[in-house]
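S.K.: Could you have a look at this structure, given as structure tokens, before my questions?
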Amino acid sequence: MRKLEKEERSQRNKTLTLNAEEMECLARDLKSAEPGMLSNQIINQIFHADLTHIARFFPAQCVDLLILDPPYNLDKDFHGLKFSKGKDDHYLAYLESWFPLLLPLLKPAGSVYFCGDWRNCASIYTLLNKYLKIRNRITWQREKGRGASANWKNSTEDIWFATPSDDYYFDLESVKVRRRVIAPYRLDGQPKDWVETDKGNFRMTCPGNFWDDLTVPYWSMPENTDHPTQKPEKLLAKLILASSKPGDMVLDPFLGSGTTAVVAKKLGRNYCGIEINREYCCWALARLRQAETDKRIQGYQDGIFWERNSAQN
């Protein structure tokens, strides 16, 4: 069956769509970079540009949290902008072509999260180990993914956590996970390290570096777009809450459909996004407008991260 065109989509399909007129209207809000920009000129702005062309225009040490989701070392078509898989040394050279340009923008106590998968983990480790202090590697589970007849299904991706120094911000309490207690233990008749509610028994637990509570956006989720590698808002919420404070600046120079900026806005942070694809920029602006009145993040409610597919009411 052929893929449904936008106008043929089911009324239940919540995937963001924009017509040509809407795109042109939104594009008027895209910003152009110029040399010597000040911090107040980049706050809460989306730039339609190649980061290698404009990173030098940004003020030094203006970023508290840098989130990087560049193309993985795969053949991928980003709506006409194609990225081609190369050898490991070629991919590392690609990372080296832009990563050092971003480091002067990061505050000394800032943090970096770098997305990838198993194919490029060696390149990312080599890069981060050269410039920063590596703190951890998060692995998160994707439920989506095609099976393979002669291999294991690829169902995880990685996020590397690194900092410029040992002085960095991390808010553990904001990212604890609410988990259902299957075998509740009591001490002197009282719950030990868990709470009893009319909806079940729960425990707040420290987050590990394996995340199995995320849902990749799909057609019935309001956050969904046609971007081929869109990350869940819940994933970005974990990173932003853990490694930034309200009012901090979050920069995503591979903004894609805008998830980082949208979540930063919903959580009271400042954002700045750079994206080379004009259509994606417009998607991001449309989602930011929606976030002005809708602060919901699927899987995160009332300060609690819920397990995947668990009730939130």
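The way I read the labels, and the way they are meant: chains A, B, ... in the order of the structure tokens, residue 1 as the first residue of every chain, and ligand 1 as the first ligand shown, with later ones counted on from there.
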Per residue of region 215-274 of chain A within 10 Å of region 68-83 of chain A, what are the shortest atom pair and its distance in Å to one decimal, counting only C-alpha atoms, with rows by chain and residue number, as CSV?

M.R.:
residue,atom,partner,partner_atom,distance
A:Asp226,CA,A:His79,CA,9.2
A:His227,CA,A:Phe78,CA,7.3
A:Pro228,CA,A:Phe78,CA,6.8
A:Thr229,CA,A:Phe78,CA,8.8
A:Gln230,CA,A:Asp69,CA,9.7
A:Lys231,CA,A:Asp69,CA,9.1
A:Leu251,CA,A:Leu68,CA,8.5
A:Asp252,CA,A:Leu68,CA,6.0
A:Pro253,CA,A:Leu68,CA,6.8
A:Phe254,CA,A:Pro70,CA,5.8
A:Leu255,CA,A:Asp69,CA,7.8
A:Gly256,CA,A:Asp69,CA,8.6
A:Thr260,CA,A:Leu68,CA,9.7

S.K.: Store the residues of this selection in a file with N, CA and C atoms, as a PDB file, in the first residue's frame.

M.R.:
ATOM      1  N   ASP A 226       7.154  14.363  10.485  1.00  0.00           N
ATOM      2  CA  ASP A 226       7.674  13.431   9.478  1.00  0.00           C
ATOM      3  C   ASP A 226       9.190  13.359   9.479  1.00  0.00           C
ATOM      4  N   HIS A 227       9.839  13.925  10.475  1.00  0.00           N
ATOM      5  CA  HIS A 227      11.297  13.831  10.558  1.00  0.00           C
ATOM      6  C   HIS A 227      11.693  12.364  10.738  1.00  0.00           C
ATOM      7  N   PRO A 228      12.687  11.878   9.982  1.00  0.00           N
ATOM      8  CA  PRO A 228      12.996  10.440  10.005  1.00  0.00           C
ATOM      9  C   PRO A 228      13.676   9.946  11.270  1.00  0.00           C
ATOM     10  N   THR A 229      14.245  10.838  12.077  1.00  0.00           N
ATOM     11  CA  THR A 229      14.959  10.390  13.281  1.00  0.00           C
ATOM     12  C   THR A 229      14.557  11.199  14.507  1.00  0.00           C
ATOM     13  N   GLN A 230      13.292  11.542  14.620  1.00  0.00           N
ATOM     14  CA  GLN A 230      12.832  12.388  15.722  1.00  0.00           C
ATOM     15  C   GLN A 230      12.957  11.677  17.060  1.00  0.00           C
ATOM     16  N   LYS A 231      13.479  12.398  18.057  1.00  0.00           N
ATOM     17  CA  LYS A 231      13.608  11.881  19.409  1.00  0.00           C
ATOM     18  C   LYS A 231      12.352  12.201  20.218  1.00  0.00           C
ATOM     19  N   LEU A 251      21.380  24.789  23.848  1.00  0.00           N
ATOM     20  CA  LEU A 251      21.666  24.918  22.419  1.00  0.00           C
ATOM     21  C   LEU A 251      21.615  23.564  21.746  1.00  0.00           C
ATOM     22  N   ASP A 252      20.904  23.493  20.622  1.00  0.00           N
ATOM     23  CA  ASP A 252      20.880  22.306  19.774  1.00  0.00           C
ATOM     24  C   ASP A 252      21.217  22.751  18.351  1.00  0.00           C
ATOM     25  N   PRO A 253      22.427  22.478  17.875  1.00  0.00           N
ATOM     26  CA  PRO A 253      22.835  22.928  16.540  1.00  0.00           C
ATOM     27  C   PRO A 253      22.434  21.979  15.410  1.00  0.00           C
ATOM     28  N   PHE A 254      21.773  20.880  15.748  1.00  0.00           N
ATOM     29  CA  PHE A 254      21.165  19.977  14.764  1.00  0.00           C
ATOM     30  C   PHE A 254      19.698  19.826  15.166  1.00  0.00           C
ATOM     31  N   LEU A 255      18.968  20.905  15.114  1.00  0.00           N
ATOM     32  CA  LEU A 255      17.664  20.983  15.773  1.00  0.00           C
ATOM     33  C   LEU A 255      16.625  20.039  15.197  1.00  0.00           C
ATOM     34  N   GLY A 256      16.714  19.710  13.912  1.00  0.00           N
ATOM     35  CA  GLY A 256      15.707  18.840  13.319  1.00  0.00           C
ATOM     36  C   GLY A 256      14.319  19.445  13.414  1.00  0.00           C
ATOM     37  N   THR A 260      14.242  19.599  21.000  1.00  0.00           N
ATOM     38  CA  THR A 260      15.005  20.186  22.103  1.00  0.00           C
ATOM     39  C   THR A 260      14.461  21.557  22.480  1.00  0.00           C
TER      40      THR A 260
END

S.K.: Residues of region 236-279 of chain A that have any atom at most 12 Å from an atom of region 288-296 of chain A: could you tabulate them with the shortest-distance atom pair and the distance in Å to one decimal, using only C-alpha atoms, ordered by chain and increasing number, as a Markdown table?

M.R.:
| residue | atom | partner | partner_atom | distance |
| --- | --- | --- | --- | --- |
| A:Ala237 | CA | A:Arg296 | CA | 11.0 |
| A:Ser257 | CA | A:Leu288 | CA | 10.3 |
| A:Gly258 | CA | A:Leu288 | CA | 7.9 |
| A:Thr259 | CA | A:Leu288 | CA | 9.0 |
| A:Thr260 | CA | A:Leu288 | CA | 10.3 |
| A:Ala261 | CA | A:Leu288 | CA | 7.4 |
| A:Val262 | CA | A:Leu288 | CA | 5.4 |
| A:Val263 | CA | A:Ala291 | CA | 8.4 |
| A:Ala264 | CA | A:Leu288 | CA | 9.9 |
| A:Lys265 | CA | A:Ala291 | CA | 7.2 |
| A:Lys266 | CA | A:Lys295 | CA | 5.1 |
| A:Leu267 | CA | A:Lys295 | CA | 8.0 |
| A:Gly268 | CA | A:Lys295 | CA | 10.0 |
| A:Tyr271 | CA | A:Leu288 | CA | 10.7 |
| A:Cys272 | CA | A:Leu288 | CA | 11.9 |
| A:Gly273 | CA | A:Leu288 | CA | 11.6 |

S.K.: Write the residues of the preceding selection, restricted to C-alpha atoms, as a PDB file, in the first residue's frame.

M.R.:
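Final output, saved to selection_35.pdb:
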ATOM      1  CA  ALA A 237      13.069  16.294  29.245  1.00  0.00           C
ATOM      2  CA  SER A 257      11.988  19.147  13.980  1.00  0.00           C
ATOM      3  CA  GLY A 258      12.586  21.209  17.105  1.00  0.00           C
ATOM      4  CA  THR A 259      12.192  18.761  19.978  1.00  0.00           C
ATOM      5  CA  THR A 260      15.005  20.186  22.103  1.00  0.00           C
ATOM      6  CA  ALA A 261      13.721  23.751  21.764  1.00  0.00           C
ATOM      7  CA  VAL A 262      10.117  22.720  22.422  1.00  0.00           C
ATOM      8  CA  VAL A 263      10.966  20.793  25.583  1.00  0.00           C
ATOM      9  CA  ALA A 264      13.261  23.553  26.820  1.00  0.00           C
ATOM     10  CA  LYS A 265      10.391  26.021  26.389  1.00  0.00           C
ATOM     11  CA  LYS A 266       7.942  23.735  28.194  1.00  0.00           C
ATOM     12  CA  LEU A 267      10.357  23.356  31.101  1.00  0.00           C
ATOM     13  CA  GLY A 268      11.161  27.048  31.517  1.00  0.00           C
ATOM     14  CA  TYR A 271      16.748  27.700  23.877  1.00  0.00           C
ATOM     15  CA  CYS A 272      18.624  28.285  20.666  1.00  0.00           C
ATOM     16  CA  GLY A 273      18.393  26.040  17.630  1.00  0.00           C
TER      17      GLY A 273
END

S.K.: Can you tell me, as a VMD selection string, what residues are no more than 12 Å from region 90-100 of chain A when counting only C-alpha atoms, ignoring any on the same chain fewer than 4 positions away?

M.R.: chain A and resid 50 to 56 66 to 74 83 to 86 104 to 106 112 114 116 119 to 128 130 to 132 253 to 254

S.K.: Could you make a table, as a tab-separated table, of the residues of region 16-109 of chain A that have an atom within 12 Å of an atom of region 240-245 of chain A, each with its nearest atom pair and distance in Å to one decimal, counting only C-alpha atoms, in chain and number order?

M.R.:
residue	atom	partner	partner_atom	distance
A:Val63	CA	A:Ser244	CA	10.1
A:Asp64	CA	A:Ser244	CA	6.7
A:Leu65	CA	A:Ser244	CA	6.4
A:Leu66	CA	A:Ile240	CA	9.6
A:Ile67	CA	A:Ile240	CA	9.0
A:Lys107	CA	A:Ser244	CA	11.8
A:Ala109	CA	A:Ser243	CA	10.1

S.K.: With a cut-off of 12 Å, could you pull out the residues of region 251-305 of chain A touching region 183-205 of chain A and give me the nearest pair of atoms for each, distance in Å to one decimal, using only C-alpha atoms, ordered by chain and ascending number, as JSON lines?

M.R.:
{"residue": "A:Gly303", "atom": "CA", "partner": "A:Met204", "partner_atom": "CA", "distance": 11.5}
{"residue": "A:Ile304", "atom": "CA", "partner": "A:Met204", "partner_atom": "CA", "distance": 8.9}
{"residue": "A:Phe305", "atom": "CA", "partner": "A:Met204", "partner_atom": "CA", "distance": 9.5}

S.K.: I need the residues from that last selection saved to file as a PDB file, in the first residue's frame (with C-alpha atoms), if you can.

M.R.:
ATOM      1  CA  GLY A 303       7.218  16.222  38.089  1.00  0.00           C
ATOM      2  CA  ILE A 304       7.198  12.443  37.656  1.00  0.00           C
ATOM      3  CA  PHE A 305       8.673  10.265  34.912  1.00  0.00           C
TER       4      PHE A 305
END

S.K.: By how many Å are CA of Met221 (chain A) and CA of Ile297 (chain A) apart?

M.R.: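 Value for the CA of Met221 (chain A)-CA of Ile297 (chain A) distance: 10.5 Å.
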
S.K.: Could you write out, as an NGL selection string, all the residues of region 19-211 of chain A that DSSP marks as alpha helix (DSSP H)?

M.R.: :A and (20-27 or 51-54 or 88-102 or 121-131)

S.K.: Would you mind reading off the distance between CA of Ala27 (chain A) and CA of Phe47 (chain A), one decimal, in Å?

M.R.: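 Computing the Euclidean distance for CA of Ala27 (chain A) and CA of Phe47 (chain A) yields 10.2 Å.
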
S.K.: Give me the residues within 8 Å of region 57-59 of chain A as a PyMOL selection string, counting only C-alpha atoms and dropping any in the same chain fewer than 3 places off.

M.R.: chain A and resi 33-39+42+54+62+105

S.K.: Quick one: write out the picked residues with C-alpha atoms as a PDB file, in the first residue's frame?

M.R.:
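The result, stored in result-v3.pdb:
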ATOM      1  CA  ALA A  33      23.157  35.281  12.121  1.00  0.00           C
ATOM      2  CA  GLU A  34      25.732  38.033  11.901  1.00  0.00           C
ATOM      3  CA  PRO A  35      29.211  38.490  13.359  1.00  0.00           C
ATOM      4  CA  GLY A  36      29.470  39.653  16.945  1.00  0.00           C
ATOM      5  CA  MET A  37      26.027  38.647  18.149  1.00  0.00           C
ATOM      6  CA  LEU A  38      25.216  39.183  21.810  1.00  0.00           C
ATOM      7  CA  SER A  39      23.543  36.666  24.098  1.00  0.00           C
ATOM      8  CA  ILE A  42      20.287  34.270  20.227  1.00  0.00           C
ATOM      9  CA  ILE A  54      27.455  30.713  12.070  1.00  0.00           C
ATOM     10  CA  CYS A  62      26.757  31.545  26.448  1.00  0.00           C
ATOM     11  CA  LEU A 105      30.240  28.574  23.383  1.00  0.00           C
TER      12      LEU A 105
END

S.K.: At what distance in Å, to one decimal, does CA of Trp283 (chain A) lie from CA of His48 (chain A)?

M.R.: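 Spanning CA of His48 (chain A) to CA of Trp283 (chain A) is a straight-line distance of 11.9 Å.
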
S.K.: Which polymer residues have any atom within 9 Å of an atom of Lys133 (chain A), counting only C-alpha atoms, with same-chain residues fewer than 5 positions away left out, as a list in words?

M.R.: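 Once the adjacent positions are removed, what remains is Leu128, Phe161, Ala162, Thr163, Pro164, Ser165 and Asp166 of chain A.
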
S.K.: Any idea what's packed within 8 Å of region 134-149 of chain A, counting only C-alpha atoms, ignoring anything in its chain fewer than 3 positions away? Could you give it as a tab-separated table (two decimals) with C-alpha atoms, in the first residue's frame?

M.R.:
chain	number	residue	atom	x	y	z
A	128	LEU	CA	34.72	13.47	23.44
A	129	ASN	CA	37.73	11.95	25.17
A	152	TRP	CA	20.02	-9.17	16.12
A	153	LYS	CA	17.41	-6.46	15.82
A	154	ASN	CA	18.94	-3.04	16.49
A	155	SER	CA	16.70	-1.67	19.24
A	156	THR	CA	18.90	0.73	21.21
A	157	GLU	CA	20.68	4.05	20.77
A	158	ASP	CA	23.26	5.85	22.90
A	159	ILE	CA	23.66	9.27	24.46
A	160	TRP	CA	27.11	10.22	25.72
A	161	PHE	CA	27.33	12.57	28.71
A	162	ALA	CA	30.43	14.77	29.03
A	163	THR	CA	31.54	17.98	30.74
A	209	ASN	CA	22.03	4.66	32.28
A	210	PHE	CA	19.66	2.22	30.58
A	211	TRP	CA	16.31	3.81	29.72
A	212	ASP	CA	13.45	1.52	28.79
A	213	ASP	CA	10.57	3.93	29.45
A	214	LEU	CA	10.60	5.91	26.18
A	215	THR	CA	8.16	5.84	23.30
A	216	VAL	CA	9.43	6.88	19.87

S.K.: Going by DSSP on the backbone, which residues of region 23-135 of chain A come out as strand (DSSP E or B)? List them as a VMD selection string.

M.R.: chain A and resid 31 45 to 48 63 to 68 76 to 78 81 to 83 106 to 116 133 to 135

S.K.: Go ahead and save the residues from that selection, with C-alpha atoms, as a short mmCIF file (atom, residue, chain, number, x, y, z; two decimals), in the first residue's frame.

M.R.:
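Final output, saved to out-v6.cif:
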data_model
loop_
_atom_site.label_atom_id
_atom_site.label_comp_id
_atom_site.auth_asym_id
_atom_site.auth_seq_id
_atom_site.Cartn_x
_atom_site.Cartn_y
_atom_site.Cartn_z
CA LYS A 31 16.68 34.50 12.22
CA GLN A 45 15.67 31.89 18.41
CA ILE A 46 15.81 29.40 15.55
CA PHE A 47 18.49 29.93 12.91
CA HIS A 48 18.16 28.44 9.43
CA VAL A 63 25.54 27.92 26.63
CA ASP A 64 24.74 25.92 29.77
CA LEU A 65 23.65 22.73 28.02
CA LEU A 66 24.69 21.53 24.58
CA ILE A 67 22.61 18.74 23.03
CA LEU A 68 23.98 17.16 19.87
CA LYS A 76 19.88 8.77 5.43
CA ASP A 77 17.67 11.14 3.44
CA PHE A 78 16.57 14.14 5.48
CA LEU A 81 19.47 16.61 2.30
CA LYS A 82 21.27 13.29 2.14
CA PHE A 83 23.96 12.00 4.46
CA LEU A 106 29.98 26.23 26.36
CA LYS A 107 30.24 27.59 29.89
CA PRO A 108 32.98 26.04 32.07
CA ALA A 109 30.34 24.35 34.24
CA GLY A 110 28.20 23.32 31.26
CA SER A 111 27.26 19.86 30.04
CA VAL A 112 27.17 18.05 26.70
CA TYR A 113 24.93 15.20 25.55
CA PHE A 114 25.90 13.54 22.26
CA CYS A 115 23.53 11.10 20.50
CA GLY A 116 24.65 8.12 18.44
CA LYS A 133 35.61 14.58 30.48
CA ILE A 134 33.30 11.67 29.67
CA ARG A 135 30.84 11.03 32.49
#
